[in-house]
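Undergrad: Just target_29.cif, nothing more (mmCIF, C-alpha atoms):
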data_upload
loop_
_atom_site.label_atom_id
_atom_site.label_comp_id
_atom_site.auth_asym_id
_atom_site.auth_seq_id
_atom_site.Cartn_x
_atom_site.Cartn_y
_atom_site.Cartn_z
CA MET A 1 84.53 150.41 130.69
CA ASN A 2 83.40 152.74 127.91
CA LYS A 3 85.65 152.96 124.87
CA LYS A 4 86.49 156.06 122.83
CA GLU A 5 86.30 154.76 119.29
CA PHE A 6 87.86 156.39 116.23
CA LYS A 7 85.56 158.85 114.47
CA THR A 8 85.81 159.97 110.86
CA LEU A 9 85.81 163.70 110.07
CA ASP A 10 82.15 163.51 109.07
CA GLU A 11 81.30 161.70 112.32
CA GLN A 12 83.17 164.35 114.31
CA LEU A 13 81.16 167.09 112.61
CA ASN A 14 77.96 165.15 113.30
CA ILE A 15 78.83 165.19 117.02
CA PHE A 16 79.22 168.97 116.93
CA GLU A 17 75.90 169.34 115.08
CA SER A 18 74.12 167.04 117.51
CA LYS A 19 75.09 169.46 120.27
CA GLY A 20 73.69 172.47 118.42
CA LEU A 21 76.75 173.83 116.61
CA THR A 22 76.04 175.24 113.15
CA ILE A 23 78.41 174.16 110.40
CA VAL A 24 78.14 176.45 107.36
CA ASP A 25 81.00 175.11 105.22
CA ARG A 26 81.32 171.39 105.87
CA GLN A 27 84.30 170.85 103.56
CA ARG A 28 86.27 173.70 105.16
CA ALA A 29 85.40 172.36 108.60
CA LYS A 30 86.76 168.92 107.67
CA GLU A 31 90.00 170.50 106.45
CA ILE A 32 90.37 172.30 109.78
CA LEU A 33 89.65 169.17 111.80
CA LEU A 34 92.19 167.16 109.81
CA LYS A 35 94.95 169.67 110.55
CA GLU A 36 94.02 170.87 114.02
CA ASN A 37 92.50 167.78 115.74
CA TYR A 38 88.92 167.43 117.03
CA PHE A 39 90.11 166.94 120.62
CA PHE A 40 92.00 170.26 120.66
CA LEU A 41 89.18 172.28 119.07
CA ASN A 42 86.59 170.69 121.33
CA GLY A 43 88.58 171.98 124.31
CA TYR A 44 87.33 175.49 123.48
CA ARG A 45 83.63 174.60 123.56
CA ARG A 46 82.97 175.80 127.13
CA ILE A 47 82.68 179.48 126.28
CA PHE A 48 79.98 178.61 123.72
CA MET A 49 77.92 176.36 125.99
CA LEU A 50 74.42 177.31 127.16
CA SER A 51 75.50 176.69 130.77
CA ASN A 52 77.80 174.53 132.88
CA THR A 53 75.07 171.93 133.19
CA GLU A 54 73.43 172.13 129.75
CA LYS A 55 76.16 170.87 127.43
CA ARG A 56 74.76 172.33 124.24
CA PHE A 57 76.07 175.17 122.10
CA LEU A 58 74.48 178.60 122.19
CA LYS A 59 71.96 179.38 119.48
CA ASN A 60 73.62 180.60 116.25
CA SER A 61 77.13 179.61 117.38
CA THR A 62 79.12 178.21 114.48
CA PHE A 63 82.05 175.92 113.83
CA GLN A 64 83.92 178.91 112.39
CA GLU A 65 83.45 180.77 115.69
CA LEU A 66 84.78 177.78 117.61
CA TYR A 67 87.81 177.77 115.31
CA CYS A 68 88.17 181.51 115.84
CA MET A 69 88.36 180.90 119.60
CA PHE A 70 91.00 178.25 118.95
CA THR A 71 93.12 180.55 116.76
CA PHE A 72 92.66 183.49 119.15
CA ASP A 73 94.13 181.44 121.97
CA ARG A 74 97.00 180.31 119.74
CA GLU A 75 97.83 183.90 118.82
CA LEU A 76 97.49 185.00 122.46
CA ARG A 77 99.91 182.22 123.49
CA ASN A 78 102.42 183.36 120.88
CA ILE A 79 102.25 186.97 122.06
CA LEU A 80 102.62 186.02 125.71
CA PHE A 81 105.29 183.41 125.08
CA LYS A 82 107.77 185.71 123.36
CA ASN A 83 107.46 188.19 126.24
CA LEU A 84 107.67 185.48 128.88
CA LEU A 85 110.93 184.33 127.29
CA ILE A 86 112.28 187.86 127.67
CA ILE A 87 111.43 187.85 131.39
CA GLU A 88 112.87 184.36 131.77
CA ASN A 89 116.17 185.45 130.24
CA ASN A 90 116.23 188.63 132.34
CA ILE A 91 115.63 186.74 135.59
CA LYS A 92 118.26 184.13 134.75
CA SER A 93 120.79 186.87 133.99
CA ILE A 94 120.06 188.84 137.18
CA ILE A 95 120.19 185.77 139.44
CA SER A 96 123.36 184.41 137.85
CA TYR A 97 125.10 187.79 138.12
CA THR A 98 124.03 188.29 141.75
CA LEU A 99 125.22 184.85 142.85
CA SER A 100 128.40 184.82 140.75
CA ILE A 101 129.69 188.10 142.09
CA LYS A 102 129.11 186.92 145.68
CA TYR A 103 129.95 183.24 145.58
CA GLY A 104 132.22 182.67 142.59
CA TYR A 105 131.89 181.48 139.02
CA LYS A 106 132.83 177.79 139.33
CA GLU A 107 130.15 175.26 140.23
CA LYS A 108 132.19 173.96 143.18
CA ASN A 109 131.86 177.46 144.65
CA TYR A 110 128.42 178.72 143.69
CA LEU A 111 126.70 175.40 144.44
CA LYS A 112 127.77 175.25 148.09
CA ALA A 113 124.80 174.76 150.41
CA SER A 114 126.20 177.48 152.69
CA ASN A 115 125.42 180.06 149.99
CA PHE A 116 121.69 179.55 150.47
CA THR A 117 119.08 179.94 153.18
CA THR A 118 120.14 178.80 156.63
CA ASP A 119 116.54 178.05 157.66
CA HIS A 120 116.71 174.47 158.99
CA LYS A 121 113.19 173.79 157.73
CA GLN A 122 114.40 174.53 154.21
CA GLN A 123 117.51 172.33 154.16
CA ARG A 124 115.85 169.44 152.36
CA ARG A 125 114.59 171.87 149.77
CA VAL A 126 118.07 173.39 149.39
CA ASN A 127 119.65 169.98 148.85
CA ASP A 128 116.94 169.01 146.38
CA VAL A 129 117.41 172.14 144.24
CA LEU A 130 121.20 171.87 144.28
CA ASN A 131 121.00 168.20 143.28
CA LYS A 132 118.73 169.13 140.38
CA MET A 133 121.25 171.75 139.23
CA LYS A 134 124.15 169.31 139.52
CA ARG A 135 122.16 166.80 137.50
CA GLN A 136 121.68 169.39 134.77
CA ILE A 137 125.43 169.91 134.70
CA ARG A 138 125.98 166.17 134.28
CA VAL A 139 123.28 165.84 131.61
CA ASN A 140 124.16 168.91 129.58
CA ALA A 141 127.93 169.10 129.98
CA GLN A 142 128.57 167.22 126.75
CA ASN A 143 125.24 167.82 125.00
CA HIS A 144 124.81 171.58 124.95
CA THR A 145 127.08 173.83 122.88
CA ALA A 146 127.62 176.46 125.57
CA THR A 147 128.28 174.03 128.44
CA LEU A 148 130.47 171.81 126.26
CA HIS A 149 132.59 174.81 125.30
CA TYR A 150 133.29 175.75 128.92
CA ILE A 151 133.90 172.18 130.08
CA SER A 152 136.26 171.53 127.17
CA ASN A 153 138.19 174.79 127.40
CA TYR A 154 138.03 175.76 131.06
CA GLY A 155 136.99 172.65 133.00
CA TYR A 156 133.95 174.25 134.67
CA ILE A 157 130.53 175.73 133.86
CA PRO A 158 129.89 179.24 135.18
CA LEU A 159 126.40 179.98 136.48
CA TRP A 160 125.70 182.49 133.73
CA VAL A 161 126.11 179.61 131.25
CA LEU A 162 124.37 176.98 133.37
CA VAL A 163 121.16 179.03 133.62
CA LYS A 164 120.79 178.61 129.85
CA VAL A 165 119.90 174.94 130.34
CA LEU A 166 117.86 175.37 133.55
CA SER A 167 114.07 175.42 133.23
CA PHE A 168 112.13 178.46 134.39
CA GLY A 169 110.57 176.19 137.02
CA LEU A 170 113.98 175.32 138.43
CA ILE A 171 114.98 178.99 138.40
CA ASN A 172 111.83 179.63 140.44
CA GLU A 173 112.95 176.94 142.91
CA LEU A 174 116.46 178.42 143.02
CA TYR A 175 115.08 181.84 143.93
CA GLY A 176 113.08 180.22 146.72
CA ILE A 177 116.20 178.93 148.50
CA LEU A 178 118.27 182.10 148.26
CA LYS A 179 119.31 184.02 151.35
CA PRO A 180 116.86 186.84 152.11
CA GLN A 181 119.46 189.52 151.33
CA ASP A 182 120.13 187.97 147.92
CA GLN A 183 116.40 187.80 147.17
CA LEU A 184 116.07 191.44 148.15
CA GLU A 185 118.92 192.48 145.87
CA ILE A 186 117.32 190.68 142.93
CA CYS A 187 113.90 192.20 143.65
CA GLU A 188 115.26 195.73 143.76
CA THR A 189 115.78 195.53 139.99
CA TYR A 190 111.99 195.46 139.61
CA ASN A 191 111.06 197.45 142.71
CA LEU A 192 109.25 194.40 144.10
CA ASN A 193 109.31 192.74 147.51
CA PRO A 194 110.69 189.18 147.84
CA GLU A 195 107.32 187.64 148.71
CA ASP A 196 105.61 189.06 145.62
CA MET A 197 108.56 188.03 143.45
CA GLU A 198 108.25 184.41 144.56
CA ILE A 199 104.55 184.37 143.62
CA TYR A 200 105.26 186.18 140.35
CA LEU A 201 107.92 183.68 139.33
CA SER A 202 105.51 180.84 140.07
CA LEU A 203 102.82 182.33 137.82
CA LEU A 204 105.32 183.23 135.11
CA ALA A 205 106.68 179.68 135.05
CA ASN A 206 103.16 178.25 134.97
CA TYR A 207 102.04 180.35 132.00
CA ARG A 208 105.38 179.86 130.25
CA ASN A 209 104.89 176.09 130.33
CA LEU A 210 101.30 176.36 129.13
CA CYS A 211 102.43 178.45 126.17
CA ALA A 212 105.35 176.17 125.36
CA HIS A 213 103.10 173.08 125.30
CA GLU A 214 100.21 174.76 123.47
CA ASP A 215 97.73 174.27 126.28
CA ILE A 216 94.61 176.41 126.63
CA VAL A 217 95.69 179.77 128.06
CA PHE A 218 92.95 182.38 127.72
CA ASP A 219 90.78 181.12 130.62
CA HIS A 220 93.50 179.48 132.73
CA ARG A 221 93.50 180.04 136.48
CA THR A 222 96.61 179.50 138.59
CA GLN A 223 96.62 177.99 142.05
CA ARG A 224 98.43 180.97 143.54
CA TYR A 225 97.06 184.51 143.71
CA ILE A 226 99.00 187.74 143.36
CA SER A 227 98.64 190.43 146.02
CA PRO A 228 96.53 193.55 145.36
CA THR A 229 98.42 196.20 143.38
CA ARG A 230 97.99 199.83 142.46
CA PHE A 231 96.77 198.61 139.07
CA HIS A 232 93.77 196.88 140.65
CA GLU A 233 92.90 200.06 142.53
CA LYS A 234 93.40 202.55 139.71
CA LEU A 235 91.48 200.43 137.20
CA ASN A 236 88.57 200.25 139.68
CA ILE A 237 88.37 196.47 139.53
CA PRO A 238 85.33 195.40 141.60
CA LYS A 239 85.59 193.29 144.74
CA ASN A 240 83.57 190.33 146.00
CA GLU A 241 81.91 189.78 149.38
CA GLU A 242 85.29 188.84 150.90
CA ASN A 243 86.70 192.23 149.77
CA GLU A 244 88.92 190.50 147.20
CA TYR A 245 89.37 191.76 143.66
CA VAL A 246 87.39 189.59 141.24
CA LYS A 247 89.85 190.01 138.35
CA GLY A 248 93.60 190.20 138.02
CA LYS A 249 94.40 187.75 140.81
CA ASN A 250 95.16 184.36 139.19
CA ASP A 251 94.15 184.86 135.57
CA ILE A 252 95.49 186.32 132.33
CA PHE A 253 95.11 189.84 133.69
CA ALA A 254 97.17 188.88 136.74
CA LEU A 255 99.88 187.81 134.29
CA ILE A 256 99.52 191.12 132.46
CA ILE A 257 99.92 192.99 135.77
CA ILE A 258 103.12 191.04 136.45
CA LEU A 259 104.47 191.78 132.98
CA ARG A 260 103.60 195.46 133.42
CA GLN A 261 106.03 195.54 136.33
CA MET A 262 108.77 193.38 134.83
CA LEU A 263 108.89 194.18 131.12
CA ASP A 264 110.47 197.30 129.68
CA LYS A 265 107.70 199.81 129.04
CA ASP A 266 108.07 199.84 125.26
CA LYS A 267 107.88 196.05 125.08
CA PHE A 268 104.84 196.03 127.35
CA VAL A 269 103.03 198.62 125.22
CA GLN A 270 103.77 196.62 122.10
CA MET A 271 102.47 193.45 123.76
CA MET A 272 99.24 195.12 124.89
CA ASN A 273 98.63 196.58 121.44
CA GLU A 274 99.07 193.14 119.92
CA ILE A 275 96.66 191.57 122.42
CA ASP A 276 94.11 194.34 121.90
CA LEU A 277 94.25 193.86 118.13
CA LYS A 278 93.51 190.14 118.52
CA ILE A 279 90.62 190.89 120.87
CA GLN A 280 89.14 193.37 118.38
CA ASP A 281 89.47 190.76 115.62
CA PHE A 282 87.68 188.25 117.85
CA LYS A 283 84.91 190.75 118.56
CA TRP A 284 84.41 191.31 114.85
CA GLN A 285 84.35 187.60 113.96
CA VAL A 286 82.38 186.08 116.86
CA LYS A 287 78.76 187.21 117.22
CA SER A 288 77.12 184.45 119.26
CA ILE A 289 78.73 185.57 122.53
CA PRO A 290 79.22 189.13 123.83
CA ILE A 291 82.81 190.34 124.09
CA GLU A 292 82.26 190.73 127.85
CA LYS A 293 82.14 186.95 128.12
CA LEU A 294 85.64 186.74 126.67
CA TYR A 295 86.76 189.44 129.13
CA ASP A 296 85.34 187.46 132.05
CA ASN A 297 87.01 184.24 130.93
CA MET A 298 90.35 186.05 130.64
CA GLY A 299 89.89 188.06 133.83
CA LEU A 300 90.12 191.31 131.88
CA PRO A 301 88.41 194.50 133.03
CA SER A 302 86.80 196.42 130.15
CA ASN A 303 89.38 199.20 130.61
CA TYR A 304 92.36 196.81 130.44
CA MET A 305 94.31 199.02 128.01
CA ASP A 306 94.44 201.81 130.64
CA ILE A 307 97.09 199.79 132.50
CA ILE A 308 99.61 201.17 130.01
CA ASP A 309 99.31 204.71 131.39
CA ILE A 310 99.37 203.90 135.11
CA ASP A 311 102.65 204.97 136.72
#
Could you show the structure in this file as structure tokens?

TA:
Amino acid sequence: MNKKEFKTLDEQLNIFESKGLTIVDRQRAKEILLKENYFFLNGYRRIFMLSNTEKRFLKNSTFQELYCMFTFDRELRNILFKNLLIIENNIKSIISYTLSIKYGYKEKNYLKASNFTTDHKQQRRVNDVLNKMKRQIRVNAQNHTATLHYISNYGYIPLWVLVKVLSFGLINELYGILKPQDQLEICETYNLNPEDMEIYLSLLANYRNLCAHEDIVFDHRTQRYISPTRFHEKLNIPKNEENEYVKGKNDIFALIIILRQMLDKDKFVQMMNEIDLKIQDFKWQVKSIPIEKLYDNMGLPSNYMDIIDID
């Protein structure tokens, strides 16, 4: 079995150079590697490679450009994350309000299996989700300020407090077991249909976790695909041989399309302006690859900012 041995900063830079990467300021590069980690920076090499098979850097690509790709993705994550947290809070509030007003505000009431889908094929899923929620009550009852306050003073934890300690992934699962009429009521807030909402929540939770754990985001592709929207059509996004849109289906632009429909307009405009500013900075700093290559990796059409003005 091959071993991955420890490499000094100089040895790490030598590996980059052996693959064709130009290092202009070696001392600055070592400072960056010490703080940011060779493994994490190296994760951004793909966009600078000659091809998928030829694992060498493009001519004239530099360590500083690689670091620029790294910092661009970090800044993109930060922009997306703060807006994903807004959506997460909104969804938690809407779901907790919808269920509380119908099924009560004590866990013995709102966690009854009869409050959820009656589809026999889904019963195992219902029990699994409810057990996860009950476990969160047990785990957080004495450990979280909000839940401790309600347990100590009232003897129960209302759903609008419980959602504070539920992950976005579990909220996604909770939505999936709701009765169709409850799903519809929740979706009406965003003028979406229940099927699209379930896919949207899945993608939102996926990107939220990537951002929270500082994983690579800019070229991520999700397993699920969003349905065609008016944004795809009005932005004239091209289609492939199967008549499917080639961008905005399971990429960053798909996430942007979701946020366009679920964020308040002013917050969405601010987010897009922030993303556009980072892209323009990238374009100015990175010369070895055309900006279109970044667009393709992100799934962005060249007219991505026009999404702001589409009704």

Undergrad: Between A:Leu235, A:Ile171, A:Ile186, A:Ile137, which one has atoms that come closest to Thr98 in chain A, using only C-alpha atoms?

TA: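 Answer, going by the shortest atom-to-atom distance: A:Ile186.
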
Undergrad: Of the candidates A:Phe40, A:Thr53, A:Asn60, A:Lys278, which one gets nearest to Leu21 in chain A if we count all atoms listed in the file?

TA: A:Asn60

Undergrad: So that I can see what lies close to range 266-273 of chain A, please list as number ranges by chain the residues with an atom at most 12 Å from it, counting all atoms listed in the file and leaving out residues fewer than 4 positions away in the same chain.

TA: A: 75-84, 86-87, 253, 255-262, 277-280, 304-310

Undergrad: Assuming the chain letters and numbering stay as they are in my file, what does the PyMOL selection byres ((chain A and resi 151) around 12) actually select? List them as a list in words.

TA: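 With the shown file as input, the PyMOL selection byres ((chain A and resi 151) around 12) matches Lys106, Glu107, Ile137, Arg138, Asn140, Ala141, Gln142, Asn143, His144, Thr145, Ala146, Thr147, Leu148, His149, Tyr150, Ser152, Asn153, Tyr154, Gly155, Tyr156, Ile157, Pro158, Val161 and Leu162 of chain A.
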
Undergrad: In terms of the shortest atom-to-atom distance over only C-alpha atoms, which of A:Phe48, A:Lys249, A:Leu170, A:Asp264 is closest to Pro290 in chain A?

TA: A:Phe48

Undergrad: Interatomic distance between CA of Val163 in chain A and CA of Ser96 in chain A?

TA: 7.2 Å

Undergrad: With distances taken over only C-alpha atoms, which of A:Lys19, A:Arg124, A:His220, A:Arg74 is nearest to Ile252 in chain A?

TA: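 When distances to Ile252 in chain A are compared using only C-alpha atoms, the smallest one comes from A:His220.
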
Undergrad: Under the PyMOL selection byres ((chain A and resi 169) around 8), which residues of this model are included? Write them out as a ChimeraX atom specification.

TA: /A:167-168,170-173,202,205-206

Undergrad: Write to file, as a PDB file, keeping the file's coordinate frame, the residues of the selection just made, with C-alpha atoms.

TA:
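part-v5.pdb was written with the following content:
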ATOM      1  CA  SER A 167     114.070 175.420 133.230  1.00  0.00           C
ATOM      2  CA  PHE A 168     112.130 178.460 134.390  1.00  0.00           C
ATOM      3  CA  LEU A 170     113.980 175.320 138.430  1.00  0.00           C
ATOM      4  CA  ILE A 171     114.980 178.990 138.400  1.00  0.00           C
ATOM      5  CA  ASN A 172     111.830 179.630 140.440  1.00  0.00           C
ATOM      6  CA  GLU A 173     112.950 176.940 142.910  1.00  0.00           C
ATOM      7  CA  SER A 202     105.510 180.840 140.070  1.00  0.00           C
ATOM      8  CA  ALA A 205     106.680 179.680 135.050  1.00  0.00           C
ATOM      9  CA  ASN A 206     103.160 178.250 134.970  1.00  0.00           C
TER      10      ASN A 206
END

Undergrad: Would you compute the distance between CA of Ile226 in chain A and CA of Leu263 in chain A? Give it in Å to one decimal.

TA: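 Separating CA of Ile226 in chain A from CA of Leu263 in chain A is a distance of 17.0 Å.
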
Undergrad: I'd like the residues picked by the PyMOL selection byres ((chain A and resi 17) around 12) written out as a VMD selection string, using the chain letters and numbers from the file.

TA: chain A and resid 10 to 16 18 to 24 26 29 56 to 63

Undergrad: Would you put the residues from that selection into a file with C-alpha atoms, as a short mmCIF file (atom, residue, chain, number, x, y, z; two decimals), in the coordinates of the input?

TA:
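Done, and the output landed in out-v1.cif:
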data_model
loop_
_atom_site.label_atom_id
_atom_site.label_comp_id
_atom_site.auth_asym_id
_atom_site.auth_seq_id
_atom_site.Cartn_x
_atom_site.Cartn_y
_atom_site.Cartn_z
CA ASP A 10 82.15 163.51 109.07
CA GLU A 11 81.30 161.70 112.32
CA GLN A 12 83.17 164.35 114.31
CA LEU A 13 81.16 167.09 112.61
CA ASN A 14 77.96 165.15 113.30
CA ILE A 15 78.83 165.19 117.02
CA PHE A 16 79.22 168.97 116.93
CA SER A 18 74.12 167.04 117.51
CA LYS A 19 75.09 169.46 120.27
CA GLY A 20 73.69 172.47 118.42
CA LEU A 21 76.75 173.83 116.61
CA THR A 22 76.04 175.24 113.15
CA ILE A 23 78.41 174.16 110.40
CA VAL A 24 78.14 176.45 107.36
CA ARG A 26 81.32 171.39 105.87
CA ALA A 29 85.40 172.36 108.60
CA ARG A 56 74.76 172.33 124.24
CA PHE A 57 76.07 175.17 122.10
CA LEU A 58 74.48 178.60 122.19
CA LYS A 59 71.96 179.38 119.48
CA ASN A 60 73.62 180.60 116.25
CA SER A 61 77.13 179.61 117.38
CA THR A 62 79.12 178.21 114.48
CA PHE A 63 82.05 175.92 113.83
#

Undergrad: Could you check the closest approach to Gln183 in chain A for each of A:Leu99, A:Lys283, A:Leu159, A:Lys108 and tell me which residue wins, using all atoms listed in the file?

TA: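 The answer is A:Leu99, which sits nearest to Gln183 in chain A.
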
Undergrad: I'd like the contact shell of Gly176 in chain A - 10 Å cut-off, all atoms listed in the file, skipping same-chain residues fewer than 3 positions apart - returned as a list in words.

TA: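 Contacts, in chain order: Phe116, Thr117, Gln122, Arg125, Val126, Val129, Leu170, Ile171, Asn172, Glu173, Lys179, Pro180, Gln183, Pro194, Glu195, Met197, Glu198, Ile199 and Leu201 of chain A.
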
Undergrad: What does the distance between CA of Phe72 in chain A and CA of Ser51 in chain A come to in Å, to one decimal place?

TA: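 According to the coordinates, CA of Phe72 in chain A and CA of Ser51 in chain A are separated by 21.8 Å.
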
Undergrad: Taking into account only C-alpha atoms, which residue in the set A:Ile47, A:Glu65, A:Lys287, A:Asp73 is nearest to Leu210 in chain A?

TA: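 Counting only C-alpha atoms, the residue closest to Leu210 in chain A is A:Asp73.
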